Amino acid sequence: MSQVPKRNRLYKLQFEKAQDSYVLLYPEGMVKLNPSAAEILLQVDGEQSVDDIIMSLKTKFPEAPDDIGDDITAFLSDAESKDWIHYV
């Protein structure tokens with residue numbers, strides 16, 4: 001998939017010590033992310049394609065299952081439906 005995801009500016013990704021995890025902050029609240037979601041969203045920079053993100057995470061986590069790309073793509077689809085990201 002050659003699309004390039006970019007985070008929605010209304011959502012700020014940051015590590016919260018109090019939550020001991022990454023969160024997405026937005027005007028109405030906060031979403032606590034699990035470690036996998038955080039790793040994926042940390043790669044979303046508006047420059048890397050989905051394929052680049054998959055390759056980067058496969059390299060970073062060589063023990064991950066071979067079908068990790070399917071999970072990443074599914075998460076990005078879900079993130080897009082929640083308006084956390086869009087494609088440029």
# chains A, B, ... in the order shown; residues from 1 in each chain; ligands from 1
$ select_by_dssp --residues "chain A" --states "alpha helix (DSSP H)" --output "tab-separated table (two decimals) with N, CA and C atoms, in the first residue's frame"
chain	number	residue	atom	x	y	z
A	35	PRO	N	0.58	-0.40	23.51
A	35	PRO	CA	1.93	-0.25	22.94
A	35	PRO	C	2.00	-0.45	21.43
A	36	SER	N	1.23	-1.37	20.89
A	36	SER	CA	1.25	-1.60	19.43
A	36	SER	C	0.72	-0.39	18.68
A	37	ALA	N	-0.39	0.15	19.14
A	37	ALA	CA	-0.96	1.33	18.49
A	37	ALA	C	0.01	2.51	18.55
A	38	ALA	N	0.64	2.68	19.70
A	38	ALA	CA	1.61	3.77	19.84
A	38	ALA	C	2.78	3.60	18.87
A	39	GLU	N	3.30	2.39	18.75
A	39	GLU	CA	4.42	2.14	17.83
A	39	GLU	C	4.04	2.49	16.40
A	40	ILE	N	2.83	2.13	16.01
A	40	ILE	CA	2.39	2.44	14.65
A	40	ILE	C	2.24	3.95	14.47
A	41	LEU	N	1.54	4.60	15.39
A	41	LEU	CA	1.31	6.05	15.24
A	41	LEU	C	2.60	6.86	15.34
A	42	LEU	N	3.59	6.35	16.06
A	42	LEU	CA	4.89	7.04	16.09
A	42	LEU	C	5.55	7.05	14.72
A	43	GLN	N	5.21	6.09	13.88
A	43	GLN	CA	5.77	6.02	12.52
A	43	GLN	C	5.02	6.92	11.53
A	50	VAL	N	2.51	3.52	3.93
A	50	VAL	CA	2.10	2.38	4.75
A	50	VAL	C	3.13	1.25	4.59
A	51	ASP	N	3.60	1.00	3.37
A	51	ASP	CA	4.61	-0.03	3.15
A	51	ASP	C	5.89	0.29	3.92
A	52	ASP	N	6.30	1.55	3.95
A	52	ASP	CA	7.49	1.96	4.70
A	52	ASP	C	7.30	1.69	6.19
A	53	ILE	N	6.12	2.00	6.69
A	53	ILE	CA	5.83	1.79	8.12
A	53	ILE	C	5.88	0.30	8.45
A	54	ILE	N	5.29	-0.52	7.59
A	54	ILE	CA	5.31	-1.97	7.81
A	54	ILE	C	6.74	-2.47	7.83
A	55	MET	N	7.55	-2.06	6.88
A	55	MET	CA	8.95	-2.52	6.82
A	55	MET	C	9.72	-2.05	8.05
A	56	SER	N	9.49	-0.82	8.45
A	56	SER	CA	10.18	-0.27	9.62
A	56	SER	C	9.85	-1.08	10.88
A	57	LEU	N	8.57	-1.40	11.05
A	57	LEU	CA	8.17	-2.14	12.24
A	57	LEU	C	8.59	-3.60	12.17
A	58	LYS	N	8.64	-4.18	10.98
A	58	LYS	CA	9.16	-5.55	10.84
A	58	LYS	C	10.63	-5.60	11.23
A	59	THR	N	11.36	-4.55	10.88
A	59	THR	CA	12.78	-4.47	11.23
A	59	THR	C	12.94	-4.27	12.74
A	60	LYS	N	12.13	-3.39	13.30
A	60	LYS	CA	12.23	-3.09	14.73
A	60	LYS	C	11.80	-4.27	15.60
A	68	ILE	N	2.16	-9.32	10.25
A	68	ILE	CA	2.07	-8.05	10.98
A	68	ILE	C	1.58	-6.92	10.07
A	69	GLY	N	1.88	-7.00	8.80
A	69	GLY	CA	1.43	-5.97	7.86
A	69	GLY	C	-0.08	-5.87	7.81
A	70	ASP	N	-0.76	-7.01	7.91
A	70	ASP	CA	-2.23	-7.01	7.91
A	70	ASP	C	-2.76	-6.29	9.15
A	71	ASP	N	-2.10	-6.55	10.29
A	71	ASP	CA	-2.53	-5.89	11.54
A	71	ASP	C	-2.30	-4.38	11.48
A	72	ILE	N	-1.17	-3.98	10.93
A	72	ILE	CA	-0.86	-2.55	10.81
A	72	ILE	C	-1.86	-1.87	9.89
A	73	THR	N	-2.14	-2.50	8.76
A	73	THR	CA	-3.10	-1.94	7.80
A	73	THR	C	-4.49	-1.83	8.44
A	74	ALA	N	-4.89	-2.86	9.18
A	74	ALA	CA	-6.20	-2.83	9.85
A	74	ALA	C	-6.25	-1.72	10.89
A	75	PHE	N	-5.16	-1.56	11.66
A	75	PHE	CA	-5.14	-0.48	12.65
A	75	PHE	C	-5.24	0.88	11.97
A	76	LEU	N	-4.49	1.08	10.89
A	76	LEU	CA	-4.53	2.37	10.20
A	76	LEU	C	-5.92	2.65	9.62
A	77	SER	N	-6.58	1.63	9.15
A	77	SER	CA	-7.95	1.79	8.66
A	77	SER	C	-8.87	2.23	9.80
A	78	ASP	N	-8.72	1.61	10.95
A	78	ASP	CA	-9.50	1.97	12.13
A	78	ASP	C	-9.18	3.40	12.57
A	79	ALA	N	-7.89	3.75	12.57
A	79	ALA	CA	-7.47	5.10	12.96
A	79	ALA	C	-8.04	6.14	12.00
A	80	GLU	N	-8.11	5.79	10.72
A	80	GLU	CA	-8.69	6.72	9.75
A	80	GLU	C	-10.19	6.90	10.02
A	81	SER	N	-10.87	5.81	10.34
A	81	SER	CA	-12.31	5.91	10.59
A	81	SER	C	-12.60	6.74	11.85
$ residues_around --residues "stretch 10-27 of chain A" --least-positions-apart "5" --cutoff "7 Å" --atoms "only C-alpha atoms" --output "ChimeraX atom specification"
/A:32-33,38,84
